[in-house]
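Enquirer: I am attaching a structure below and will ask some questions about it afterwards.
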Amino acid sequence: MTQASRVRPSSVRPAVVQGLSVVLTLIAIAFALDLPSRLGLRIYTEQVLAAALGVGLALVFLIERRGSDGNERPVAGQMIDWMLAALGLGASAYVSFHYADLVGRAMSVAADVVTIAAILFLLVLEGLRRVVGWPLVLVVLGIAGYGLLGHLVPGSLQTRHVAAEQLLTYVAFDVNGILGLTLNVAVTVVIAFVLFGQILMRAGGAEFFNDISLAALGRRRGGAAKISILASALFGTISGVVVSNIVATGVVTIRLMIRSGYRAPMAAAVEAVASTGGQIAPPVMGAVAFLMADFLQVPYAEIALAAVIPAALYYLALYFQVDLEAAASGIAPLSEETIPSAGRTLRRGGILILPFLVMVGALFWMGQRPETAALWATAVALICGAAFGYGGQRIAPRAIWQSLVETGFAMTDILMISAGAGIIIGVLNITGLGFAGTFALAEIGEGNLFLLLVLTAIASLILGMGMPTVAVYLLLAVLLAPPLVEAGVSPVAAHFFIFYLGMMSMVTPPIAIGAFFAAALAKAPPMQTSLIAMRLGWTAYVVPFLFVVSPPLLMQGSAVEIVTTAGAAMCGVYAISAAAARWFGGPIDNLQRMFLALSGVLLLLPIAPGGFPVAAAHGLGLAMLAAFWLLRRMFAASPEPKQTRQEP
């Protein structure tokens, strides 16, 4: 949040906020289960979305926020909040009940139609401002303004002339506007997975992930950091919210890392990068996998499979660097008494693996919709949590209510951003700006694809700042993926490209929310933490450029191409990680670092099928890495003393 920080509902209006949060969650559950049609009710999908939007708007205005000075809003401001909440509920309810009539008269620009559309438009913008600040609001206003004036612009960026009244009614009521795909996916898929994460956490899932990670990796050097990587990856793939992931696992793992010898900025950076990476880890990928499947109209399994190698490279780079950091700094494994028994941990909490198996089975073998699979998994997690839990932590009725509240509460940001993305989609469609912008960027890519990728990467990092990963992907999929596809990039590679770069805004300065939040837990300098996080997560900045031109990295190609490309990339990741950590079986000087980095770059070069020059580069890189390893083995001196190095 940039303009104000959200706080939990206080004593002023908790009942209304909690009630609306539960209503929003229940609307989503009923919609995902298709209850209206099961009850014989014939309603439009947009009617349900309008109702959910109205509740979301009311929540945004009623959730108490404090200014940067920490003071509560004045009484006049609170009265305005209540008025806006009532207006949002009233306008959305009107749309929900009279949707068919409004759509039928939308192009007639009748006074009541335009008035309701203008109210929704302005309320969404104000809600957007409250959850993410002015930058995204200005983006929406800029695109809408260009849509109105673009017919006056000569050249390839000229748009068709659309009156302001037509623009408002289109974005408010058309299926390509606010009540379109982005809001639909948020209300169905995303809420279902957020609820699953809430129920699993209250069943003891976070503690179970931490303990099983302790048992698996606590006895290795630098075990505390490796525990953070595994626990955060496990929890992050379902949480969908990086900051929530950091809270769930970082409160334990950051303290463990600092106690074991990692510096506070390093500990915070490891947690931030590991938690962020949970969003790219299949099978769930923080629900983005299902959004991507909807956008691309491909089976979910294809998206999950394509994510395997890039996610592996991301976590391997992070694992290699913390392992080499531990070797360089003499960080020992955790003490034996702090490591739980793997067998006992599985006996106490192994039942919590069952919801994941149910979800995967429902998705892959039963062909269920993502939201249905998530709700099935939620029901199983609820039963397991109520009957067994983990370590005596069972779900009580009060915890179920709180899960419903927290789910609705957590969804307010995503609903506003989804509605904002819907406005952008509507403007792009009705004015033709989407086609014009895609054509203009495609012209850049036609002459220089690398330049187009660099510009897209920068835009993804900027537009993603301060936003949840799901919302980042929704926005970038609308704005930046089409030009890449038009320039010849495969649709899957284009969407993965913008997803990875947008996700890394969580640890990239100047608004690195994930890194800054982890730094606060570790009491570490935020900017230093962010810079270390960028180094640890370097593959997420580099690999997207590679899989755009190297389909085997996305599991596209023959088995031989996939295996050889992935194997070379893994070796390259190790070489560059060792150069970054300044350790390869011992400390290395700058010349050796350059040699290692060069071998890594050669191994990471994208390879086209049958491309002999790149295959030769891979062979040279592997030979260089092997030669360096042999020389280090042959001329290794006695073990080096503990090294003290200054973090970047």
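Residues in the structure tokens are numbered from 1 in each chain, the chains being A, B, ... in the order shown, and ligands are numbered from 1 in the order shown.
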Can I get the residues of stretch 74-168 of chain A within 12 Å of stretch 424-437 of chain A, each with the closest pair of atoms and their distance in Å to one decimal, using only C-alpha atoms, sorted chain first then ascending number, as a Markdown table?
Expert:
```
| residue | atom | partner | partner_atom | distance |
| --- | --- | --- | --- | --- |
| A:Phe121 | CA | A:Ile424 | CA | 11.4 |
| A:Leu125 | CA | A:Ile424 | CA | 11.7 |
| A:Leu136 | CA | A:Ile424 | CA | 10.8 |
| A:Val137 | CA | A:Ile424 | CA | 10.7 |
| A:Leu138 | CA | A:Ile424 | CA | 11.6 |
| A:Val139 | CA | A:Ile424 | CA | 8.9 |
| A:Val140 | CA | A:Ile424 | CA | 6.2 |
| A:Leu141 | CA | A:Ile424 | CA | 9.0 |
| A:Gly142 | CA | A:Ile424 | CA | 9.8 |
| A:Ile143 | CA | A:Ile424 | CA | 6.8 |
| A:Ala144 | CA | A:Val427 | CA | 6.1 |
| A:Gly145 | CA | A:Val427 | CA | 9.4 |
| A:Tyr146 | CA | A:Leu433 | CA | 8.3 |
| A:Gly147 | CA | A:Thr431 | CA | 5.7 |
| A:Leu148 | CA | A:Thr431 | CA | 7.8 |
| A:Leu149 | CA | A:Thr431 | CA | 9.8 |
| A:Gly150 | CA | A:Leu433 | CA | 7.9 |
| A:His151 | CA | A:Thr431 | CA | 8.6 |
| A:Val153 | CA | A:Ala436 | CA | 11.3 |
| A:Pro154 | CA | A:Ala436 | CA | 11.5 |
| A:Gly155 | CA | A:Ala436 | CA | 9.5 |
| A:Ser156 | CA | A:Ala436 | CA | 6.1 |
| A:Leu157 | CA | A:Ala436 | CA | 5.0 |
| A:Gln158 | CA | A:Ala436 | CA | 6.9 |
| A:Thr159 | CA | A:Gly432 | CA | 5.5 |
| A:Arg160 | CA | A:Thr431 | CA | 5.2 |
| A:His161 | CA | A:Thr431 | CA | 6.8 |
| A:Val162 | CA | A:Thr431 | CA | 6.4 |
| A:Ala163 | CA | A:Thr431 | CA | 9.8 |
| A:Ala164 | CA | A:Val427 | CA | 10.8 |
| A:Gln166 | CA | A:Ile430 | CA | 9.0 |
| A:Leu167 | CA | A:Val427 | CA | 7.0 |
| A:Leu168 | CA | A:Val427 | CA | 9.1 |
```
Enquirer: Counting only C-alpha atoms, figure out which residue out of A:Gln393, A:Ser228, A:Thr508, A:Ser577 gets nearest to A:Ile462.
Expert: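 Among A:Gln393, A:Ser228, A:Thr508, A:Ser577, it is A:Thr508 that comes nearest to A:Ile462.
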Enquirer: A:Ile498, A:Phe628, A:Val131, A:Phe173: which is nearest A:Ala100, counting only C-alpha atoms?
Expert: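 Residue with the minimum atom-to-atom distance to A:Ala100: A:Phe173.
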Enquirer: Give me the residues within 10 Å of A:Ala86 as a list in words, counting only C-alpha atoms and dropping any in the same chain fewer than 4 places off.
Expert: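 Using only C-alpha atoms, the neighbours found are Gly54, Val55, Leu57, Ala58, Phe61, Leu62, Ile80, Asp81, Trp82, Gly90, Ala91 and Ser92 of chain A.
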Enquirer: For A:Val113, find every residue with an atom within 10 Å (counting only C-alpha atoms), except residues of its own chain fewer than 4 positions away, and show them as number ranges by chain.
Expert: A: 95, 101-103, 105-109, 117-118, 165, 168-169, 172-173
Enquirer: My list of candidates is A:Thr182, A:Val492, A:Leu20, A:Ile423. Which is closest to A:Leu305 when distances are computed with only C-alpha atoms?
Expert: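 Closest to A:Leu305 of all the choices is A:Val492.
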Enquirer: Give me the residues of stretch 74-123 of chain A that have any atom at most 12 Å from an atom of stretch 403-420 of chain A; for each, the nearest atom pair and the distance in Å, rounded to one decimal. Use only C-alpha atoms, sort by chain and number, and format it as CSV.
Expert:
```
residue,atom,partner,partner_atom,distance
A:Leu120,CA,A:Ala419,CA,9.9
A:Phe121,CA,A:Gly420,CA,8.9
A:Leu122,CA,A:Gly420,CA,10.6
A:Leu123,CA,A:Met416,CA,9.7
```
Enquirer: Just to be explicit: take each residue in the selection above, keep N, CA and C atoms, and write the result as a short mmCIF file (atom, residue, chain, number, x, y, z; two decimals), in the first residue's frame.
Expert:
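Heads up, here's the output in part.cif:
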```
data_model
loop_
_atom_site.label_atom_id
_atom_site.label_comp_id
_atom_site.auth_asym_id
_atom_site.auth_seq_id
_atom_site.Cartn_x
_atom_site.Cartn_y
_atom_site.Cartn_z
N LEU A 120 -20.07 3.64 -10.97
CA LEU A 120 -19.21 2.46 -10.82
C LEU A 120 -17.78 2.76 -11.23
N PHE A 121 -17.62 3.48 -12.32
CA PHE A 121 -16.29 3.83 -12.82
C PHE A 121 -15.52 4.62 -11.76
N LEU A 122 -16.14 5.63 -11.20
CA LEU A 122 -15.47 6.48 -10.21
C LEU A 122 -15.20 5.72 -8.90
N LEU A 123 -16.15 4.89 -8.48
CA LEU A 123 -15.95 4.13 -7.25
C LEU A 123 -14.81 3.12 -7.39
#
```
Enquirer: Could I get the residues of stretch 176-278 of chain A with an atom no further than 8 Å from an atom of stretch 325-337 of chain A, each paired with its nearest atom pair and that distance in Å to one decimal, using only C-alpha atoms, sorted by chain and residue number, as CSV?
Expert:
```
residue,atom,partner,partner_atom,distance
A:Gly218,CA,A:Leu334,CA,5.5
A:Arg219,CA,A:Pro333,CA,5.0
A:Arg220,CA,A:Pro333,CA,5.0
A:Arg221,CA,A:Pro333,CA,4.4
A:Gly222,CA,A:Ala326,CA,4.9
A:Gly223,CA,A:Pro333,CA,5.2
A:Ala224,CA,A:Leu334,CA,6.8
A:Ser260,CA,A:Ile331,CA,6.6
A:Gly261,CA,A:Ile331,CA,5.8
A:Tyr262,CA,A:Ile331,CA,7.4
```
